[in-house]
There are 2 protein chains.
Amino acid sequence: MSNQLSFIPLGGIGDVTKNMYLYEYNNQILIVDCGLGFADETMLGVDLLLPDISYLLQSALAKGPKKIVGMLLTHGHEDHIGALPFILPQLPSFPIFASPLTAALANEKLQEFNTPRRVQKISFDSAMGNMIKLGVFKAFFINVTHSILDTAHIFIQTPVGNFYHGSDFKFDDTPSQGKKSDYEKIAQAGKSGILCLLSDCLGAERSGRSASEIGIKNSLVKEIEQCQGKFIVTTYSSHIARLNQIIQASEKVGRRVCFVGRSLIKTKEVASKLGYIKLSSHLEVTLDQIKQYPDHKLTLIVAGSQGQEESAMARIANNEHREVRITERDTVIFSADPIPGNEVLVYELIDTLVKKGARVVYTTLSRDFHVSGHGSQEELGQLISLVRPQFLLPIGGAFRQMAAYRNLAINLGYKKSDILLLEDGQEVIFSQDTVRVGRIISVKNVYVDEISGEEVESFVLRDRQKLSEGGIVIVLCEVDSASGQLTSGADIIIRGFTISNMKQLNIRLLKDIQAVLKGRKGRVTNWVHIRKLIGEVAERRIFKDLRRRPLVFPVVIEA
Amino acid sequence: MSNQLSFIPLGGIGDVTKNMYLYEYNNQILIVDCGLGFADETMLGVDLLLPDISYLLQSALAKGPKKIVGMLLTHGHEDHIGALPFILPQLPSFPIFASPLTAALANEKLQEFNTPRRVQKISFDSAMGNMIKLGVFKAFFINVTHSILDTAHIFIQTPVGNFYHGSDFKFDDTPSQGKKSDYEKIAQAGKSGILCLLSDCLGAERSGRSASEIGIKNSLVKEIEQCQGKFIVTTYSSHIARLNQIIQASEKVGRRVCFVGRSLIKTKEVASKLGYIKLSSHLEVTLDQIKQYPDHKLTLIVAGSQGQEESAMARIANNEHREVRITERDTVIFSADPIPGNEVLVYELIDTLVKKGARVVYTTLSRDFHVSGHGSQEELGQLISLVRPQFLLPIGGAFRQMAAYRNLAINLGYKKSDILLLEDGQEVIFSQDTVRVGRIISVKNVYVDEISGEEVESFVLRDRQKLSEGGIVIVLCEVDSASGQLTSGADIIIRGFTISNMKQLNIRLLKDIQAVLKGRKGRVTNWVHIRKLIGEVAERRIFKDLRRRPLVFPVVIEA
């Protein structure tokens, strides 16, 4: 058995989301995180992406004596726990650990998909002396600040050396809720000698420090005191500390709080059970009850800060919500930034709200209502200084952010070769004091379709792309099975664009098809081939005459 | 004849682009600008939008004695002149005036579309004493600073009162090229008494002043001096002052300049002819010549700052450009911000370049290489103070920016009712001292398709939307014309998604179709109706079984 540790990112490198990392030592595998990816606009009609676990299914588990000894979850964001219900049923059993809130959110999600609630709670009390043991690995959790409570960094001891798994974090020394990051424990981990620091790098382009969460409450109080109608705030559903700030501001001025939107209500319930949201029953009202209160006695916390079309916020803005109407006296606060790619939807939503006459406060007007959950250069450098690792490996960022992280580390005295910039599926192999590049594990995008929850193949996406850009042309013709020739003309049906000279195209295409079929007279033995031939002829003709490349769909009827 | 002036925006209100405004006095119409709109991602496969001129074609010109007395163009950006080649051929003849550069760019564009070069040059020398006369209207141009040279505000005298048409501008007192805004002439216009100020409002959300163009040169010089490979800058093709700054920085360090990309080369040629770009022949090299120079003696100005997939910058980044390859010694400067909606493409481009090892400088890293061409609150307020209008009408912004402009004006002492927030097609009618809301002229989106240049109907867009989101289902069946019943089974062809239980769907759908056809036995007289019936049945079945709403396309074969 060779004394080396293999690190394989199945997701989370270069694309921010769908975080899933393997630590492999001989025949034992430890997994960290199991997150969803979010599709961008090039993935039409697809909502979600999964990490590709083919490596686990086909090589690691199927062929050898390898086994998964456990899984650790860093925090409760979708891109770190969201893939659990899709992935766990495909894998053999193993223990899963997470901090209290993370475990509760993960189990809730599993239950939603009729999967057993199997994530075990672990406290932040574990430390160097009393680590969790998972096969040859030992680990303890370190509390850090982020935009969700109970976020952990993980110290992982392996036979080859110690790893510091530093996923999403910021160093907020005045968090509005929860403790500040446990610097002592981080330093303790550092003192034990860290072979490699894996670090969040999303904020590596920004100089200085990220702003603290604490400032937001004052901004909320100031706005809520001036508001004469409903006070409406939209934010990320999982940002419990933010929800509490809104609740506290409302309590201060004597407003009832109503949660609007399924995801928000779910988070509120999970967090309330754990005592992370403290909301006395007389303070909360349901949607059905809001009619009983005048507008200036109401705060609505509404899901849909990203302009999602079916969200509560969008329906309210468009007068399509059953219980809530916007008036000129209302204030709407966007306590969230648009995630890149969502700008058009978010600004449309804002315009619609402004047209209703409400006071709308959003990032362009004021930066007082949202701060990033990721550390900037100073905080990333601070983590490096505390951990003092031999190697650095930025995770959870786009390539440009990984490069910015590398520049930062170089400025702190590291050599360029000490900083490992990977891509998903790129194995790196650690020995005692060295690191080298290993195999490239093939990881493809695995899509989950919005409606069915089924995986979508990439050829389906290519079709959708073609359909949306170029439309579709259906070429319909009847071929005599005995002669292999057309029995009559060819019909053309077009969707997705219009043409003026349909007849001309029809005549030309008919000639083309006749010509190609003429060359192969006789009984048809292979209909698939005939279909393909006609499709190709049609594609060429359509491109020649129309300069277009629609999805051409030949429908051949056997006569 | 009534003494009232009607102002009708055909485009440019609430959607920033496709600027086109009508001033109508009795039977005379003066047009300002004729710009293109740019499609967002909800308009699949569509590139361009035109202002809707149905009002002119159907009501104003066709029915009455009305005539267009002239058109004035404020500046040479696509969203102010780009629709000329599509619109002019549809309208009767009338004089068109613009500043020298604007006229040259507009004529170039007309020529490109085989349309006569008919825009006449007018200098900024015209003033109160020697105005252009267009029917009852008189006008003079006022030089203002913006992100393209020769930008004009227009003073328009009408029998009802004076208008100040203040489209896109900033007040840059240290422009890198050209004169600063002509404050004296603005004040002169103001002194004559302005009934209504139409003002750019795009920057109304930003406090303070917009940064000056002058600072960019120093940033460029600093970067170019440190660059050991090719110095590559991508920016807006029409930003001539910016191009000159890049040329000057290159000249300073002895680099040859090469323009890469069709749009850039065209602008360079037009601007050079007018003397707006000064580029000695020994300084410029063509793409064919760059091999003759070492990398550190080259500056490339490259089109494609918005990540457009077919642009020179994208092809260079992807190693698909014939002459240019990125090396680790190169520097790439993004001297442009991503336009909202382009973020995903731009950041993908940046990631690709960073992966090649080049130094890439973009907005998130440094704000030193781009400044906005639109004024912020202070400048907008300054224009209001100089012009002192009776009424204000924000143009060229989204609704949230119009609302921010209104707040600004209210802070300067205006009454809410003095500020007119319109939508496209909303007429306002001015009399001597009053204003009132008039007709709503129906303006729909007019799409121009990328490839054909043809207009696209909105039903075609709906189809594309459905295709891209839900895929397509073709239901193929043969119906006996005598009995109106199916001759055999129904075939189902699916594109854009996959299903596992195809056979079951097929059986159920067949039953549904048989059931609906059974109710109408007998000779088929209306095939369209049969087709529609089968389509509806299939849509219902597919939604019921799959919870999907694809484009269902029934193909009925007559037997």
# chains A, B, ... in the order shown; residues from 1 in each chain; ligands from 1
>>> residues_around(residues="Asn218 in chain B", least_positions_apart="3", cutoff="10 Å", atoms="only C-alpha atoms", output="list of chain:residue names")
B:Ile214, B:Gly215, B:Val221, B:Lys222, B:Glu223, B:Ile224, B:Gln245, B:Ala249, B:Asp368, B:Phe369
>>> select_by_dssp(residues="range 240-316 of chain A", states="alpha helix (DSSP H)", output="ChimeraX atom specification")
/A:240-252,262-273,312-316
>>> write_last_selection(atoms="C-alpha atoms", output="tab-separated table (two decimals), in the first residue's frame")
chain	number	residue	atom	x	y	z
A	240	ILE	CA	-31.27	33.06	8.89
A	241	ALA	CA	-29.22	35.80	10.55
A	242	ARG	CA	-30.66	38.25	8.02
A	243	LEU	CA	-34.19	37.00	8.66
A	244	ASN	CA	-33.64	37.60	12.37
A	245	GLN	CA	-32.47	41.15	11.71
A	246	ILE	CA	-35.67	41.84	9.80
A	247	ILE	CA	-37.73	40.26	12.58
A	248	GLN	CA	-35.98	42.35	15.24
A	249	ALA	CA	-36.41	45.60	13.31
A	250	SER	CA	-40.11	44.78	12.94
A	251	GLU	CA	-40.52	43.96	16.62
A	252	LYS	CA	-38.90	47.26	17.53
A	262	ARG	CA	-42.55	28.08	0.37
A	263	SER	CA	-38.73	28.02	0.70
A	264	LEU	CA	-38.76	30.78	3.31
A	265	ILE	CA	-41.44	29.14	5.40
A	266	LYS	CA	-39.52	25.86	5.32
A	267	THR	CA	-36.26	27.50	6.47
A	268	LYS	CA	-38.12	29.38	9.16
A	269	GLU	CA	-39.62	26.17	10.50
A	270	VAL	CA	-36.33	24.26	10.54
A	271	ALA	CA	-34.45	27.16	12.12
A	272	SER	CA	-37.19	27.83	14.68
A	273	LYS	CA	-37.13	24.21	15.86
A	312	ALA	CA	-43.88	35.16	-4.48
A	313	MET	CA	-42.07	38.48	-5.08
A	314	ALA	CA	-42.68	38.33	-8.84
A	315	ARG	CA	-46.32	37.44	-8.36
A	316	ILE	CA	-46.78	40.30	-5.92
>>> atom_distance(atom1="CA of Ser281 in chain A", atom2="CA of Leu298 in chain A")
14.6 Å
>>> closest_residue(among="B:Gly229, B:Pro554, B:Gly341, B:Pro389", to="chain A", atoms="only C-alpha atoms")
B:Gly341
>>> select_by_dssp(residues="range 182-318 of chain B", states="strand (DSSP E)", output="ChimeraX atom specification")
/B:196-200,231-234,256-260,298-302
>>> residues_around(residues="range 192-208 of chain B", least_positions_apart="2", cutoff="6 Å", atoms="only C-alpha atoms", output="number ranges by chain")
A: 365; B: 161-168, 189-190, 374-378, 389-397, 401, 404-405
>>> closest_residue(among="B:Gln157, B:Thr331, B:Thr235, B:Thr363", to="chain A", atoms="only C-alpha atoms")
B:Thr363
>>> atom_distance(atom1="CA of Asp424 in chain B", atom2="CA of Met20 in chain B")
9.5 Å
>>> atom_distance(atom1="CA of Ile87 in chain A", atom2="CA of Ser500 in chain B")
19.8 Å
>>> closest_residue(among="B:Leu421, B:Val344, B:Ala336, B:Ile8", to="chain A", atoms="only C-alpha atoms")
B:Val344
>>> residues_around(residues="range 135-143 of chain A", least_positions_apart="5", cutoff="10 Å", atoms="only C-alpha atoms", output="count of residues only")
54
